[in-house]
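Quick notes on the structure that follows.
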Amino acid sequence: MESRQVGDVTVICPQGFINAHTVRQFEQALSQALEDGHQKILINGSGLAYIASAGLGVIMGLIEDTRSKGGDIRLAELNDTVRNIFEVLGFNHLCKVLSSEQEGVESYHAGTAG
Amino acid sequence: MSTKSSGTRALMELRFPSDSKYLHMVHELTRLLAETTGFETAEAEKIALAVDEATTNVVQHAYGGEAGHDIEVHFDPEGDSLDIVIFHEGKPLESIPVPAFDLDELVAEHKTGGLGLTIMRQMMDKVEHMKAGTGKNMCVMVRYKQRDPKS
């Protein structure tokens, strides 16, 4: 799974779909970034067709610890399918969702809390 | 719960092994079937996600992640609803307690599960786990073609 640094923000770019079969790659990408001390995470969803509960569970399980270390997990460029599932479950209140990667990166520099 | 598919032969049937690598295939087939039978793309995606979650539960919880068991999905898109019945011979899923969905509580407790059934219930109009007449366990899901606008 592609992961790159934009300044102090780690941008993770899942491709295709995240379900119970593929979730381990997504979990590893996030966990690796956090282990490396990168606490500002931005998931760029432009290549993501859909996310099932397994993928949402990864975000749910990591976000509190990430925030307690001064970081956050934010998302950008979600398609309608992913945005809908976020809204249905209330994840749009849990996580900051930005319309573009640039906005997502800038949101960290604006000092806005997640 | 009475459905078109619960007692008679379904219009379409799919059988696949209890392996998570088939979940995406089931998702895509369900999406295409829903689109083909009159659901708009966004609605078809919701139905596909519900079936993805239901079959994930069978693979992970009914069969405990054990490969080599059969899962059958029956689809009946005739009439005013798309009825989907998932059959398995694993642990009855209605016997597994599911706490009420509370996202704040799940986050506070660093939980990674507990979302699947909520997704199924939000995306479909009816979701019920029960025993089939054949002795198999089944998850019955119904999605009406004309949904209550507030849903």
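By convention here, the chains of the structure tokens are called A, B, ... in the order presented, each chain's residues are numbered starting at 1, and ligands are numbered starting at 1 in the order presented.
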At a cut-off of 8 Å, which residues of chain A touch chain B? Count only C-alpha atoms and give the answer as a short mmCIF file (atom, residue, chain, number, x, y, z; two decimals) with C-alpha atoms, in the first residue's frame.
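Generated file (iface20.cif):
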```cif
data_model
loop_
_atom_site.label_atom_id
_atom_site.label_comp_id
_atom_site.auth_asym_id
_atom_site.auth_seq_id
_atom_site.Cartn_x
_atom_site.Cartn_y
_atom_site.Cartn_z
CA ASN A 19 -12.54 -5.71 3.51
CA ALA A 20 -11.80 -8.60 5.86
CA HIS A 21 -9.45 -10.14 3.29
CA ALA A 52 -16.16 -2.59 4.89
CA SER A 53 -16.41 -2.78 8.67
CA ALA A 54 -12.99 -4.42 8.96
CA LEU A 56 -13.43 1.07 9.67
CA GLY A 57 -12.55 -0.99 12.72
CA VAL A 58 -8.84 -0.29 12.18
CA ILE A 59 -9.46 3.46 12.26
CA MET A 60 -11.74 3.06 15.28
CA GLY A 61 -9.13 1.06 17.17
CA LEU A 62 -6.19 3.41 16.54
CA ILE A 63 -7.63 6.91 16.62
CA GLU A 64 -7.71 7.45 20.39
CA ASP A 80 -19.81 8.73 -2.38
CA THR A 81 -19.87 5.07 -1.31
CA ILE A 85 -20.84 4.54 5.11
CA VAL A 88 -24.32 6.07 8.37
CA LEU A 89 -22.05 5.01 11.23
CA GLY A 90 -21.18 8.50 12.48
#
```
Which of chain B DSSP labels strand (DSSP E or B), written as a PyMOL selection string: chain B and resi 12-17+70-76+81-88+126-131+137-144
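The closest residue to Leu11 in chain B, picked from B:Ala132, B:Val127, B:Val73, B:Met25 and counting only C-alpha atoms, is B:Val73.
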Chain A: residues DSSP assigns to helix (DSSP H, G or I), reported as number ranges by chain: A: 23-35, 45-47, 53-68, 80-89, 91-94, 101-109
Within 10 Å of Glu94 in chain B using only C-alpha atoms, minus same-chain residues under 4 positions, as a VMD selection string: chain B and resid 62 98 128 to 131 137 to 139
Output of the above residues as a PDB file, in the first residue's frame, restricted to C-alpha atoms:
```pdb
ATOM      1  CA  ALA B  62     -20.009 -18.967  12.075  1.00  0.00           C
ATOM      2  CA  VAL B  98     -24.335  -8.204  19.806  1.00  0.00           C
ATOM      3  CA  GLU B 128     -32.769 -11.685  10.567  1.00  0.00           C
ATOM      4  CA  HIS B 129     -30.750 -14.735  11.539  1.00  0.00           C
ATOM      5  CA  MET B 130     -32.725 -17.927  11.914  1.00  0.00           C
ATOM      6  CA  LYS B 131     -32.793 -21.676  11.339  1.00  0.00           C
ATOM      7  CA  ASN B 137     -28.601 -21.567   9.515  1.00  0.00           C
ATOM      8  CA  MET B 138     -29.616 -18.604   7.454  1.00  0.00           C
ATOM      9  CA  CYS B 139     -29.364 -14.848   7.379  1.00  0.00           C
TER      10      CYS B 139
END
```
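Taking CA of Gln5 in chain A and CA of Ile73 in chain A as endpoints, the distance between them is 14.3 Å.
The space separating CA of Asp76 in chain B from CA of Ala10 in chain B comes to 5.5 Å.
Restricting the calculation to only C-alpha atoms, the smallest distance between Tyr108 in chain A and any of A:Gly71, A:Val11, A:Asp36, A:Ile51 is found for A:Gly71.
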Residues near Leu78 in chain A, cut-off 7 Å, only C-alpha atoms, skip fewer than 5 positions along chain, as a ChimeraX atom specification: /A:45-46,83
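The gap separating CA of Cys13 in chain A from CA of Ile43 in chain A is 6.0 Å, in Å to one decimal.
Across B:Asp70, B:Glu35, B:Met141, B:Gly64, the tightest approach to Leu14 in chain B is made by B:Asp70 when counting only C-alpha atoms.
Minimum atom-to-atom distances from B:Ser18, B:Thr30, B:Thr37, B:Thr134 to Ser81 in chain B were compared using only C-alpha atoms, and the lowest value belongs to B:Thr37.
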